[in-house]
Every structure is written in structure tokens, then in C-alpha cells.
>>> print(open('my_file-v3.txt').read())   # compact mmCIF, N, CA and C atoms and all ligand atoms
# COMPACT_ATOMS: atom_id res chain seq x y z
N MET A 270 22.19 3.45 -9.96
CA MET A 270 20.91 2.74 -9.88
C MET A 270 20.16 2.83 -11.20
N GLU A 271 19.51 1.75 -11.53
CA GLU A 271 18.73 1.73 -12.78
C GLU A 271 17.43 2.52 -12.62
N THR A 272 17.04 3.18 -13.69
CA THR A 272 15.80 3.97 -13.67
C THR A 272 14.60 3.13 -13.25
N LYS A 273 14.56 1.90 -13.75
CA LYS A 273 13.42 1.03 -13.44
C LYS A 273 13.32 0.77 -11.92
N GLN A 274 14.47 0.54 -11.31
CA GLN A 274 14.49 0.28 -9.86
C GLN A 274 14.10 1.54 -9.07
N ILE A 275 14.57 2.67 -9.56
CA ILE A 275 14.23 3.94 -8.90
C ILE A 275 12.73 4.17 -8.96
N GLN A 276 12.16 3.94 -10.14
CA GLN A 276 10.73 4.19 -10.31
C GLN A 276 9.88 3.23 -9.47
N GLU A 277 10.36 2.01 -9.35
CA GLU A 277 9.65 1.02 -8.53
C GLU A 277 9.60 1.48 -7.07
N LEU A 278 10.73 2.01 -6.61
CA LEU A 278 10.80 2.49 -5.22
C LEU A 278 9.92 3.73 -5.03
N ILE A 279 9.91 4.60 -6.01
CA ILE A 279 9.06 5.79 -5.93
C ILE A 279 7.58 5.39 -5.88
N ARG A 280 7.22 4.41 -6.69
CA ARG A 280 5.83 3.94 -6.68
C ARG A 280 5.45 3.41 -5.29
N ALA A 281 6.36 2.69 -4.67
CA ALA A 281 6.10 2.14 -3.33
C ALA A 281 5.96 3.28 -2.31
N ALA A 282 6.78 4.32 -2.46
CA ALA A 282 6.69 5.47 -1.55
C ALA A 282 5.37 6.21 -1.76
N LEU A 283 4.95 6.34 -3.00
CA LEU A 283 3.68 7.02 -3.29
C LEU A 283 2.51 6.24 -2.69
N ALA A 284 2.58 4.92 -2.77
CA ALA A 284 1.51 4.09 -2.20
C ALA A 284 1.49 4.24 -0.68
N ALA A 285 2.68 4.25 -0.07
CA ALA A 285 2.77 4.39 1.39
C ALA A 285 2.24 5.75 1.84
N ARG A 286 2.46 6.76 1.03
CA ARG A 286 1.96 8.10 1.35
C ARG A 286 0.44 8.08 1.54
N GLY A 287 -0.21 7.19 0.84
CA GLY A 287 -1.66 7.06 0.95
C GLY A 287 -2.12 6.69 2.35
N PHE A 288 -1.24 6.12 3.14
CA PHE A 288 -1.59 5.72 4.51
C PHE A 288 -1.20 6.77 5.55
N ALA A 289 -0.60 7.87 5.11
CA ALA A 289 -0.14 8.89 6.06
C ALA A 289 -1.28 9.33 6.98
N TYR A 290 -0.93 9.45 8.26
CA TYR A 290 -1.89 9.98 9.24
C TYR A 290 -1.39 11.36 9.61
N ALA A 291 -1.94 12.37 8.96
CA ALA A 291 -1.41 13.73 9.12
C ALA A 291 -2.55 14.75 9.26
N PRO A 292 -3.41 14.56 10.28
CA PRO A 292 -4.55 15.47 10.43
C PRO A 292 -4.15 16.88 10.86
N TYR A 293 -2.94 17.03 11.41
CA TYR A 293 -2.54 18.34 11.95
C TYR A 293 -1.80 19.18 10.92
N SER A 294 -0.83 18.59 10.25
CA SER A 294 -0.08 19.37 9.25
C SER A 294 -0.72 19.25 7.86
N ARG A 295 -1.47 18.20 7.64
CA ARG A 295 -2.01 17.85 6.32
C ARG A 295 -0.90 17.61 5.28
N PHE A 296 0.32 17.46 5.78
CA PHE A 296 1.46 17.17 4.90
C PHE A 296 1.72 15.67 4.95
N LYS A 297 1.47 15.01 3.83
CA LYS A 297 1.55 13.55 3.81
C LYS A 297 2.84 13.09 3.15
N VAL A 298 3.52 12.17 3.83
CA VAL A 298 4.82 11.71 3.35
C VAL A 298 4.82 10.18 3.26
N GLY A 299 5.46 9.69 2.22
CA GLY A 299 5.67 8.25 2.07
C GLY A 299 7.13 7.97 1.81
N ALA A 300 7.61 6.86 2.35
CA ALA A 300 9.00 6.46 2.13
C ALA A 300 9.04 4.98 1.79
N ALA A 301 10.01 4.62 0.96
CA ALA A 301 10.23 3.21 0.63
C ALA A 301 11.72 2.94 0.73
N LEU A 302 12.06 2.05 1.65
CA LEU A 302 13.45 1.73 1.96
C LEU A 302 13.74 0.32 1.48
N ARG A 303 14.71 0.20 0.58
CA ARG A 303 15.03 -1.14 0.05
C ARG A 303 16.20 -1.74 0.79
N SER A 304 16.03 -2.97 1.23
CA SER A 304 17.12 -3.67 1.90
C SER A 304 17.98 -4.38 0.86
N THR A 305 19.19 -4.72 1.26
CA THR A 305 20.12 -5.31 0.29
C THR A 305 19.66 -6.69 -0.18
N ASP A 306 18.73 -7.30 0.55
CA ASP A 306 18.18 -8.58 0.09
C ASP A 306 16.99 -8.38 -0.84
N GLY A 307 16.74 -7.11 -1.23
CA GLY A 307 15.73 -6.83 -2.24
C GLY A 307 14.33 -6.57 -1.71
N ARG A 308 14.17 -6.62 -0.39
CA ARG A 308 12.83 -6.34 0.16
C ARG A 308 12.63 -4.82 0.24
N VAL A 309 11.37 -4.43 0.25
CA VAL A 309 11.06 -2.99 0.36
C VAL A 309 10.21 -2.76 1.60
N PHE A 310 10.69 -1.90 2.47
CA PHE A 310 9.96 -1.54 3.69
C PHE A 310 9.40 -0.14 3.49
N THR A 311 8.09 -0.02 3.59
CA THR A 311 7.48 1.29 3.37
C THR A 311 7.11 1.93 4.71
N GLY A 312 6.93 3.23 4.67
CA GLY A 312 6.51 3.95 5.87
C GLY A 312 5.79 5.23 5.50
N CYS A 313 4.95 5.69 6.42
CA CYS A 313 4.29 6.99 6.25
C CYS A 313 4.48 7.78 7.54
N ASN A 314 4.18 9.07 7.49
CA ASN A 314 4.23 9.82 8.74
C ASN A 314 2.98 9.53 9.56
N VAL A 315 3.20 9.47 10.85
CA VAL A 315 2.12 9.17 11.80
C VAL A 315 2.12 10.27 12.84
N GLU A 316 1.17 11.19 12.73
CA GLU A 316 1.15 12.34 13.63
C GLU A 316 0.40 12.02 14.92
N ASN A 317 0.45 12.98 15.84
CA ASN A 317 -0.15 12.77 17.16
C ASN A 317 -0.65 14.11 17.68
N ALA A 318 -1.77 14.07 18.41
CA ALA A 318 -2.35 15.30 18.95
C ALA A 318 -1.38 16.03 19.86
N ALA A 319 -0.45 15.29 20.47
CA ALA A 319 0.56 15.91 21.32
C ALA A 319 1.80 16.34 20.53
N PHE A 320 1.73 16.19 19.21
CA PHE A 320 2.77 16.62 18.26
C PHE A 320 4.10 15.89 18.38
N THR A 321 4.73 15.94 19.56
CA THR A 321 6.08 15.37 19.71
C THR A 321 6.19 13.89 19.33
N PRO A 322 5.20 13.08 19.65
CA PRO A 322 5.34 11.65 19.30
C PRO A 322 5.29 11.35 17.81
N THR A 323 5.05 12.35 16.99
CA THR A 323 4.96 12.13 15.54
C THR A 323 6.18 11.39 15.00
N SER A 324 5.90 10.43 14.13
CA SER A 324 7.00 9.74 13.45
C SER A 324 6.98 10.12 11.97
N CYS A 325 8.14 10.44 11.45
CA CYS A 325 8.27 10.72 10.02
C CYS A 325 8.17 9.40 9.23
N ALA A 326 7.86 9.53 7.97
CA ALA A 326 7.73 8.36 7.10
C ALA A 326 9.04 7.56 7.05
N GLU A 327 10.16 8.27 6.99
CA GLU A 327 11.45 7.59 6.85
C GLU A 327 11.76 6.73 8.06
N ARG A 328 11.50 7.28 9.25
CA ARG A 328 11.78 6.49 10.45
C ARG A 328 10.78 5.36 10.62
N THR A 329 9.56 5.59 10.20
CA THR A 329 8.59 4.49 10.24
C THR A 329 9.11 3.32 9.42
N ALA A 330 9.58 3.61 8.21
CA ALA A 330 10.09 2.55 7.32
C ALA A 330 11.33 1.90 7.92
N LEU A 331 12.24 2.73 8.42
CA LEU A 331 13.49 2.20 8.97
C LEU A 331 13.22 1.30 10.18
N PHE A 332 12.37 1.76 11.06
CA PHE A 332 12.13 0.99 12.29
C PHE A 332 11.32 -0.28 12.02
N LYS A 333 10.47 -0.22 11.01
CA LYS A 333 9.79 -1.46 10.60
C LYS A 333 10.83 -2.50 10.19
N ALA A 334 11.78 -2.08 9.38
CA ALA A 334 12.80 -3.01 8.88
C ALA A 334 13.67 -3.53 10.02
N VAL A 335 14.21 -2.62 10.81
CA VAL A 335 15.13 -3.03 11.87
C VAL A 335 14.42 -3.94 12.88
N SER A 336 13.16 -3.64 13.13
CA SER A 336 12.41 -4.46 14.09
C SER A 336 12.08 -5.84 13.54
N GLU A 337 12.34 -6.02 12.26
CA GLU A 337 12.17 -7.36 11.66
C GLU A 337 13.52 -8.00 11.36
N GLY A 338 14.58 -7.43 11.93
CA GLY A 338 15.90 -8.03 11.80
C GLY A 338 16.68 -7.61 10.57
N VAL A 339 16.19 -6.62 9.84
CA VAL A 339 16.85 -6.18 8.60
C VAL A 339 17.62 -4.88 8.89
N ARG A 340 18.91 -4.88 8.57
CA ARG A 340 19.75 -3.73 8.93
C ARG A 340 20.60 -3.19 7.79
N GLU A 341 20.48 -3.82 6.63
CA GLU A 341 21.32 -3.37 5.51
C GLU A 341 20.44 -2.88 4.38
N PHE A 342 20.75 -1.66 3.92
CA PHE A 342 19.87 -1.02 2.96
C PHE A 342 20.67 -0.45 1.79
N ASP A 343 20.01 -0.39 0.62
CA ASP A 343 20.76 0.17 -0.51
C ASP A 343 20.05 1.30 -1.23
N ALA A 344 18.88 1.72 -0.76
CA ALA A 344 18.24 2.90 -1.35
C ALA A 344 16.99 3.27 -0.54
N ILE A 345 16.66 4.57 -0.60
CA ILE A 345 15.38 5.01 -0.03
C ILE A 345 14.77 6.05 -0.97
N ALA A 346 13.47 5.97 -1.15
CA ALA A 346 12.74 6.98 -1.92
C ALA A 346 11.74 7.67 -0.99
N ILE A 347 11.59 8.97 -1.18
CA ILE A 347 10.72 9.77 -0.31
C ILE A 347 9.84 10.67 -1.17
N VAL A 348 8.55 10.69 -0.85
CA VAL A 348 7.63 11.62 -1.53
C VAL A 348 6.79 12.31 -0.47
N GLY A 349 6.52 13.58 -0.68
CA GLY A 349 5.70 14.30 0.28
C GLY A 349 5.01 15.48 -0.37
N SER A 350 3.81 15.75 0.10
CA SER A 350 3.12 16.96 -0.34
C SER A 350 1.90 17.16 0.54
N LEU A 351 1.41 18.40 0.54
CA LEU A 351 0.18 18.67 1.27
C LEU A 351 -0.94 17.84 0.68
N ASP A 352 -1.84 17.43 1.53
CA ASP A 352 -2.97 16.59 1.09
C ASP A 352 -3.66 17.23 -0.11
N GLY A 353 -3.83 16.45 -1.14
CA GLY A 353 -4.55 16.94 -2.33
C GLY A 353 -3.72 17.79 -3.26
N GLN A 354 -2.45 17.96 -2.94
CA GLN A 354 -1.60 18.81 -3.79
C GLN A 354 -0.40 18.05 -4.33
N THR A 355 0.14 18.56 -5.41
CA THR A 355 1.41 18.05 -5.91
C THR A 355 2.44 19.12 -5.60
N ASN A 356 3.50 18.71 -4.94
CA ASN A 356 4.46 19.72 -4.52
C ASN A 356 5.41 20.16 -5.62
N THR A 357 5.80 21.41 -5.57
CA THR A 357 6.84 21.88 -6.48
C THR A 357 8.21 21.58 -5.86
N LEU A 358 8.24 21.47 -4.54
CA LEU A 358 9.49 21.16 -3.85
C LEU A 358 9.60 19.66 -3.62
N VAL A 359 10.81 19.15 -3.57
CA VAL A 359 10.96 17.77 -3.13
C VAL A 359 10.95 17.76 -1.60
N THR A 360 10.63 16.61 -1.03
CA THR A 360 10.66 16.45 0.42
C THR A 360 11.93 15.72 0.79
N ALA A 361 12.82 16.42 1.45
CA ALA A 361 14.07 15.80 1.91
C ALA A 361 13.90 15.40 3.37
N PRO A 362 14.56 14.33 3.78
CA PRO A 362 14.39 13.88 5.17
C PRO A 362 14.82 14.94 6.18
N CYS A 363 14.13 14.99 7.30
CA CYS A 363 14.49 15.93 8.36
C CYS A 363 15.82 15.49 8.98
N GLY A 364 16.39 16.34 9.80
CA GLY A 364 17.69 16.05 10.40
C GLY A 364 17.69 14.78 11.24
N VAL A 365 16.60 14.58 11.96
CA VAL A 365 16.52 13.39 12.83
C VAL A 365 16.53 12.13 11.97
N CYS A 366 15.79 12.14 10.87
CA CYS A 366 15.74 10.96 10.01
C CYS A 366 17.07 10.73 9.31
N ARG A 367 17.75 11.79 8.93
CA ARG A 367 19.08 11.63 8.33
C ARG A 367 19.99 10.89 9.31
N GLN A 368 19.94 11.33 10.55
CA GLN A 368 20.79 10.71 11.58
C GLN A 368 20.38 9.26 11.83
N ALA A 369 19.08 9.01 11.87
CA ALA A 369 18.59 7.64 12.12
C ALA A 369 19.03 6.70 11.00
N LEU A 370 18.94 7.16 9.77
CA LEU A 370 19.36 6.33 8.64
C LEU A 370 20.86 6.11 8.64
N PHE A 371 21.62 7.17 8.98
CA PHE A 371 23.08 7.12 8.96
C PHE A 371 23.61 5.99 9.84
N GLU A 372 22.92 5.75 10.93
CA GLU A 372 23.32 4.70 11.86
C GLU A 372 23.49 3.35 11.15
N PHE A 373 22.63 3.09 10.19
CA PHE A 373 22.63 1.78 9.53
C PHE A 373 23.28 1.77 8.16
N THR A 374 23.41 2.92 7.53
CA THR A 374 23.88 2.93 6.14
C THR A 374 25.19 3.65 5.92
N GLY A 375 25.54 4.58 6.79
CA GLY A 375 26.66 5.44 6.50
C GLY A 375 26.31 6.36 5.33
N PRO A 376 27.34 7.04 4.77
CA PRO A 376 27.07 8.10 3.80
C PRO A 376 26.68 7.65 2.40
N ALA A 377 26.91 6.38 2.05
CA ALA A 377 26.76 5.97 0.65
C ALA A 377 25.31 5.77 0.21
N LEU A 378 24.38 5.70 1.16
CA LEU A 378 22.99 5.37 0.80
C LEU A 378 22.43 6.31 -0.28
N PRO A 379 22.02 5.77 -1.43
CA PRO A 379 21.32 6.60 -2.41
C PRO A 379 19.96 7.04 -1.87
N VAL A 380 19.68 8.32 -1.99
CA VAL A 380 18.41 8.89 -1.51
C VAL A 380 17.69 9.53 -2.70
N ILE A 381 16.48 9.04 -2.94
CA ILE A 381 15.69 9.54 -4.07
C ILE A 381 14.62 10.47 -3.54
N LEU A 382 14.73 11.73 -3.89
CA LEU A 382 13.75 12.73 -3.47
C LEU A 382 12.83 12.96 -4.66
N ALA A 383 11.61 12.46 -4.54
CA ALA A 383 10.76 12.40 -5.75
C ALA A 383 9.51 13.26 -5.66
N ARG A 384 9.19 13.84 -6.79
CA ARG A 384 7.88 14.50 -6.93
C ARG A 384 6.91 13.55 -7.63
N SER A 385 7.46 12.77 -8.54
CA SER A 385 6.67 11.75 -9.24
C SER A 385 7.66 10.70 -9.74
N GLU A 386 7.14 9.69 -10.39
CA GLU A 386 7.98 8.63 -10.94
C GLU A 386 9.06 9.13 -11.90
N ASP A 387 8.72 10.19 -12.60
CA ASP A 387 9.64 10.70 -13.63
C ASP A 387 10.34 11.99 -13.23
N ASP A 388 10.14 12.42 -12.01
CA ASP A 388 10.67 13.72 -11.61
C ASP A 388 11.27 13.56 -10.21
N TYR A 389 12.59 13.39 -10.17
CA TYR A 389 13.22 13.13 -8.88
C TYR A 389 14.67 13.61 -8.88
N ILE A 390 15.19 13.76 -7.69
CA ILE A 390 16.61 14.05 -7.49
C ILE A 390 17.23 12.82 -6.85
N LEU A 391 18.34 12.38 -7.40
CA LEU A 391 19.06 11.25 -6.81
C LEU A 391 20.29 11.81 -6.11
N THR A 392 20.31 11.67 -4.78
CA THR A 392 21.44 12.17 -4.01
C THR A 392 21.92 11.06 -3.08
N THR A 393 22.74 11.39 -2.12
CA THR A 393 23.19 10.38 -1.16
C THR A 393 23.01 10.93 0.25
N LEU A 394 23.00 10.01 1.20
CA LEU A 394 22.87 10.45 2.59
C LEU A 394 24.08 11.30 3.01
N GLY A 395 25.24 10.96 2.46
CA GLY A 395 26.44 11.74 2.79
C GLY A 395 26.35 13.19 2.32
N GLU A 396 25.64 13.40 1.23
CA GLU A 396 25.45 14.78 0.77
C GLU A 396 24.46 15.52 1.66
N LEU A 397 23.49 14.76 2.18
CA LEU A 397 22.47 15.38 3.04
C LEU A 397 22.96 15.54 4.48
N LEU A 398 23.92 14.70 4.85
CA LEU A 398 24.44 14.74 6.23
C LEU A 398 25.96 14.61 6.18
N PRO A 399 26.64 15.68 5.80
CA PRO A 399 28.10 15.61 5.71
C PRO A 399 28.74 15.39 7.10
N TYR A 400 29.84 14.67 7.10
CA TYR A 400 30.55 14.40 8.36
C TYR A 400 29.62 13.80 9.41
N GLY A 401 28.76 12.90 8.98
CA GLY A 401 27.78 12.32 9.90
C GLY A 401 28.44 11.58 11.05
N PHE A 402 27.79 11.63 12.18
CA PHE A 402 28.26 10.93 13.38
C PHE A 402 27.62 9.56 13.40
N GLY A 403 28.44 8.53 13.51
CA GLY A 403 27.87 7.18 13.46
C GLY A 403 28.59 6.21 14.36
N PRO A 404 28.23 4.93 14.25
CA PRO A 404 28.81 3.90 15.11
C PRO A 404 30.33 3.90 15.10
N GLN A 405 30.91 4.25 13.94
CA GLN A 405 32.38 4.22 13.85
C GLN A 405 33.04 5.23 14.79
N ASN A 406 32.33 6.29 15.08
CA ASN A 406 32.88 7.29 16.00
C ASN A 406 33.03 6.75 17.41
N LEU A 407 32.26 5.72 17.70
CA LEU A 407 32.29 5.15 19.06
C LEU A 407 33.09 3.86 19.14
N ALA A 408 33.69 3.48 18.00
CA ALA A 408 34.43 2.21 17.98
C ALA A 408 35.83 2.36 18.56
N1 LIG B 1 7.69 14.60 7.63
C1 LIG B 1 8.08 13.36 7.22
O1 LIG B 1 7.37 12.37 7.45
N2 LIG B 1 9.24 13.24 6.53
C2 LIG B 1 9.98 14.29 6.10
O2 LIG B 1 10.97 14.07 5.41
C3 LIG B 1 9.59 15.66 6.45
C4 LIG B 1 8.48 15.78 7.42
C5 LIG B 1 6.38 14.74 8.31
C6 LIG B 1 6.41 15.07 9.75
C7 LIG B 1 5.05 15.74 9.93
O3 LIG B 1 4.07 14.73 10.12
C8 LIG B 1 4.78 16.41 8.60
O4 LIG B 1 5.66 15.77 7.67
C9 LIG B 1 5.03 17.89 8.58
O5 LIG B 1 6.27 18.20 9.09
>>> encode(input="my_file-v3.txt", output="C-alpha cells")
Amino acid sequence: METKQIQELIRAALAARGFAYAPYSRFKVGAALRSTDGRVFTGCNVENAAFTPTSCAERTALFKAVSEGVREFDAIAIVGSLDGQTNTLVTAPCGVCRQALFEFTGPALPVILARSEDDYILTTLGELLPYGFGPQNLA
């Protein structure tokens, strides 16, 4: 992936983080998922007083896309940090989000774990979810 494209996706994730609804954890996350047709679907975490209904930023972005008929993706960028802070750690998707993404992308999806536009780790879903269980297992 080109640096310019990576940075564009990180910027979209940072903007989406601004919409995070995280009054309980105060940990705000933004994700930007690019579809193969070049569109970008953003998402933030949406928490809930009952905790369990909380949606992570990654699944928010994924479900927005799928619910609009888009199922093919070629990259995702994720940024997260406590409200008002810059994290020293990158925010990697939780296990549930790894599995949700795997359903549509398989292991090749490039995953950008970013602290800022210029500070990120580029990995793949297969590295984050080795031997992932997916549709092919049921074929
Ligand atoms: N969260 C995400 O949105 N994505 C991640 O990759 C990690 C965790 C959210 C869920 C919850 O609202 C808050 O971050 C703290 O766990």
C-alpha cells in the first residue's frame, strides 16, 4: 500500500474517532474501512449503559458497509486512545472484530494500527487472526 493511501485512511479513522460515544470507558476508537471500489466506511465505538450492546469502531464501520451492499474490502485503519490523550500503544481490533472482518476479507486484509498519520504498524488480518474460521470452513 502507498503511504499516501495509508495516511488518508488514518485521517478518516481519526475523524471518525471524534464521534465515539464512550462515556463509560472514555476510550475512543475510530476505524476507516476501504472497499475495493474506493469508498471509505468509517465507524466509531458506541457504548451503552448496559455495556454488552457496545459496538466497537471496526464493527460499526463493517456493518455500515455491508448494510449498504458493500462486501469487498482492501484495507482498514484503526486509531484509539483515552479521551484527551495520545496513546503510546496502538489499538488492535478485539477478537470479535477480527472474526467479523475475517468473514468478508479472509487473511489478506491489510490492517493499519495507527497512533498518528506518521506513526503506524501495517499488518494483516491473518497475522492478527491465524487459522481464522471463515465461510470456506462451511463450504
Ligand atoms: N474498542 C473498539 O472500539 N475497538 C477496539 O479495537 C478495541 C476496543 C472499544 C470498545 C469500548 O467501547 C472501548 O473501546 C473500551 O474497550
>>> residues_near_ligand(input="my_file-v3.txt", ligand="ligand LIG 1 (chain B)", cutoff="8 Å", atoms="all atoms listed in the file", output="ChimeraX atom specification")
/A:290-300,312-317,323-329,347-350,359-364,366-367
>>> closest_residue(input="my_file-v3.txt", among="A:Ala289, A:Leu394, A:Val339, A:Ala282", to="Thr311 in chain A", atoms="only N, CA and C atoms")
A:Ala282
>>> select_by_dssp(input="my_file-v3.txt", residues="chain A", states="helix (DSSP H, G or I)", output="PyMOL selection string")
chain A and resi 272-286+326-335+364-377+394-397+404-407
>>> write_last_selection(input="my_file-v3.txt", atoms="N, CA and C atoms", output="short mmCIF file (atom, residue, chain, number, x, y, z; two decimals), keeping the file's coordinate frame")
data_model
loop_
_atom_site.label_atom_id
_atom_site.label_comp_id
_atom_site.auth_asym_id
_atom_site.auth_seq_id
_atom_site.Cartn_x
_atom_site.Cartn_y
_atom_site.Cartn_z
N THR A 272 17.04 3.18 -13.69
CA THR A 272 15.80 3.97 -13.67
C THR A 272 14.60 3.13 -13.25
N LYS A 273 14.56 1.90 -13.75
CA LYS A 273 13.42 1.03 -13.44
C LYS A 273 13.32 0.77 -11.92
N GLN A 274 14.47 0.54 -11.31
CA GLN A 274 14.49 0.28 -9.86
C GLN A 274 14.10 1.54 -9.07
N ILE A 275 14.57 2.67 -9.56
CA ILE A 275 14.23 3.94 -8.90
C ILE A 275 12.73 4.17 -8.96
N GLN A 276 12.16 3.94 -10.14
CA GLN A 276 10.73 4.19 -10.31
C GLN A 276 9.88 3.23 -9.47
N GLU A 277 10.36 2.01 -9.35
CA GLU A 277 9.65 1.02 -8.53
C GLU A 277 9.60 1.48 -7.07
N LEU A 278 10.73 2.01 -6.61
CA LEU A 278 10.80 2.49 -5.22
C LEU A 278 9.92 3.73 -5.03
N ILE A 279 9.91 4.60 -6.01
CA ILE A 279 9.06 5.79 -5.93
C ILE A 279 7.58 5.39 -5.88
N ARG A 280 7.22 4.41 -6.69
CA ARG A 280 5.83 3.94 -6.68
C ARG A 280 5.45 3.41 -5.29
N ALA A 281 6.36 2.69 -4.67
CA ALA A 281 6.10 2.14 -3.33
C ALA A 281 5.96 3.28 -2.31
N ALA A 282 6.78 4.32 -2.46
CA ALA A 282 6.69 5.47 -1.55
C ALA A 282 5.37 6.21 -1.76
N LEU A 283 4.95 6.34 -3.00
CA LEU A 283 3.68 7.02 -3.29
C LEU A 283 2.51 6.24 -2.69
N ALA A 284 2.58 4.92 -2.77
CA ALA A 284 1.51 4.09 -2.20
C ALA A 284 1.49 4.24 -0.68
N ALA A 285 2.68 4.25 -0.07
CA ALA A 285 2.77 4.39 1.39
C ALA A 285 2.24 5.75 1.84
N ARG A 286 2.46 6.76 1.03
CA ARG A 286 1.96 8.10 1.35
C ARG A 286 0.44 8.08 1.54
N ALA A 326 7.86 9.53 7.97
CA ALA A 326 7.73 8.36 7.10
C ALA A 326 9.04 7.56 7.05
N GLU A 327 10.16 8.27 6.99
CA GLU A 327 11.45 7.59 6.85
C GLU A 327 11.76 6.73 8.06
N ARG A 328 11.50 7.28 9.25
CA ARG A 328 11.78 6.49 10.45
C ARG A 328 10.78 5.36 10.62
N THR A 329 9.56 5.59 10.20
CA THR A 329 8.59 4.49 10.24
C THR A 329 9.11 3.32 9.42
N ALA A 330 9.58 3.61 8.21
CA ALA A 330 10.09 2.55 7.32
C ALA A 330 11.33 1.90 7.92
N LEU A 331 12.24 2.73 8.42
CA LEU A 331 13.49 2.20 8.97
C LEU A 331 13.22 1.30 10.18
N PHE A 332 12.37 1.76 11.06
CA PHE A 332 12.13 0.99 12.29
C PHE A 332 11.32 -0.28 12.02
N LYS A 333 10.47 -0.22 11.01
CA LYS A 333 9.79 -1.46 10.60
C LYS A 333 10.83 -2.50 10.19
N ALA A 334 11.78 -2.08 9.38
CA ALA A 334 12.80 -3.01 8.88
C ALA A 334 13.67 -3.53 10.02
N VAL A 335 14.21 -2.62 10.81
CA VAL A 335 15.13 -3.03 11.87
C VAL A 335 14.42 -3.94 12.88
N GLY A 364 16.39 16.34 9.80
CA GLY A 364 17.69 16.05 10.40
C GLY A 364 17.69 14.78 11.24
N VAL A 365 16.60 14.58 11.96
CA VAL A 365 16.52 13.39 12.83
C VAL A 365 16.53 12.13 11.97
N CYS A 366 15.79 12.14 10.87
CA CYS A 366 15.74 10.96 10.01
C CYS A 366 17.07 10.73 9.31
N ARG A 367 17.75 11.79 8.93
CA ARG A 367 19.08 11.63 8.33
C ARG A 367 19.99 10.89 9.31
N GLN A 368 19.94 11.33 10.55
CA GLN A 368 20.79 10.71 11.58
C GLN A 368 20.38 9.26 11.83
N ALA A 369 19.08 9.01 11.87
CA ALA A 369 18.59 7.64 12.12
C ALA A 369 19.03 6.70 11.00
N LEU A 370 18.94 7.16 9.77
CA LEU A 370 19.36 6.33 8.64
C LEU A 370 20.86 6.11 8.64
N PHE A 371 21.62 7.17 8.98
CA PHE A 371 23.08 7.12 8.96
C PHE A 371 23.61 5.99 9.84
N GLU A 372 22.92 5.75 10.93
CA GLU A 372 23.32 4.70 11.86
C GLU A 372 23.49 3.35 11.15
N PHE A 373 22.63 3.09 10.19
CA PHE A 373 22.63 1.78 9.53
C PHE A 373 23.28 1.77 8.16
N THR A 374 23.41 2.92 7.53
CA THR A 374 23.88 2.93 6.14
C THR A 374 25.19 3.65 5.92
N GLY A 375 25.54 4.58 6.79
CA GLY A 375 26.66 5.44 6.50
C GLY A 375 26.31 6.36 5.33
N PRO A 376 27.34 7.04 4.77
CA PRO A 376 27.07 8.10 3.80
C PRO A 376 26.68 7.65 2.40
N ALA A 377 26.91 6.38 2.05
CA ALA A 377 26.76 5.97 0.65
C ALA A 377 25.31 5.77 0.21
N LEU A 394 23.00 10.01 1.20
CA LEU A 394 22.87 10.45 2.59
C LEU A 394 24.08 11.30 3.01
N GLY A 395 25.24 10.96 2.46
CA GLY A 395 26.44 11.74 2.79
C GLY A 395 26.35 13.19 2.32
N GLU A 396 25.64 13.40 1.23
CA GLU A 396 25.45 14.78 0.77
C GLU A 396 24.46 15.52 1.66
N LEU A 397 23.49 14.76 2.18
CA LEU A 397 22.47 15.38 3.04
C LEU A 397 22.96 15.54 4.48
N PRO A 404 28.23 4.93 14.25
CA PRO A 404 28.81 3.90 15.11
C PRO A 404 30.33 3.90 15.10
N GLN A 405 30.91 4.25 13.94
CA GLN A 405 32.38 4.22 13.85
C GLN A 405 33.04 5.23 14.79
N ASN A 406 32.33 6.29 15.08
CA ASN A 406 32.88 7.29 16.00
C ASN A 406 33.03 6.75 17.41
N LEU A 407 32.26 5.72 17.70
CA LEU A 407 32.29 5.15 19.06
C LEU A 407 33.09 3.86 19.14
#
>>> closest_residue(input="my_file-v3.txt", among="A:Val335, A:Ala346, A:Glu341, A:Pro404", to="Gly307 in chain A", atoms="all atoms listed in the file")
A:Glu341
>>> axis_aligned_box(input="my_file-v3.txt", around="range 393-399 of chain A", padding_each_side="5 Å", output="AutoDock Vina command-line options")
--center_x 25.6 --center_y 12.8 --center_z 2.5 --size_x 16.3 --size_y 15.7 --size_z 19.2
>>> atom_distance(input="my_file-v3.txt", atom1="CA of Asp387 in chain A", atom2="CA of Ala285 in chain A")
17.7 Å
>>> closest_residue(input="my_file-v3.txt", among="A:Ala344, A:Leu358, A:Ala318, A:Ala330", to="Val380 in chain A", atoms="only N, CA and C atoms")
A:Ala344
>>> atom_distance(input="my_file-v3.txt", atom1="CA of Leu370 in chain A", atom2="CA of Pro399 in chain A")
13.1 Å
>>> residues_around(input="my_file-v3.txt", residues="Ser385 in chain A", least_positions_apart="3", cutoff="9 Å", atoms="only C-alpha atoms", output="count of residues only")
8
>>> atom_distance(input="my_file-v3.txt", atom1="CA of Ala377 in chain A", atom2="CA of Arg340 in chain A")
14.6 Å
>>> closest_residue(input="my_file-v3.txt", among="A:Phe332, A:Leu302, A:Thr357, A:Ala408", to="Leu378 in chain A", atoms="only C-alpha atoms")
A:Leu302
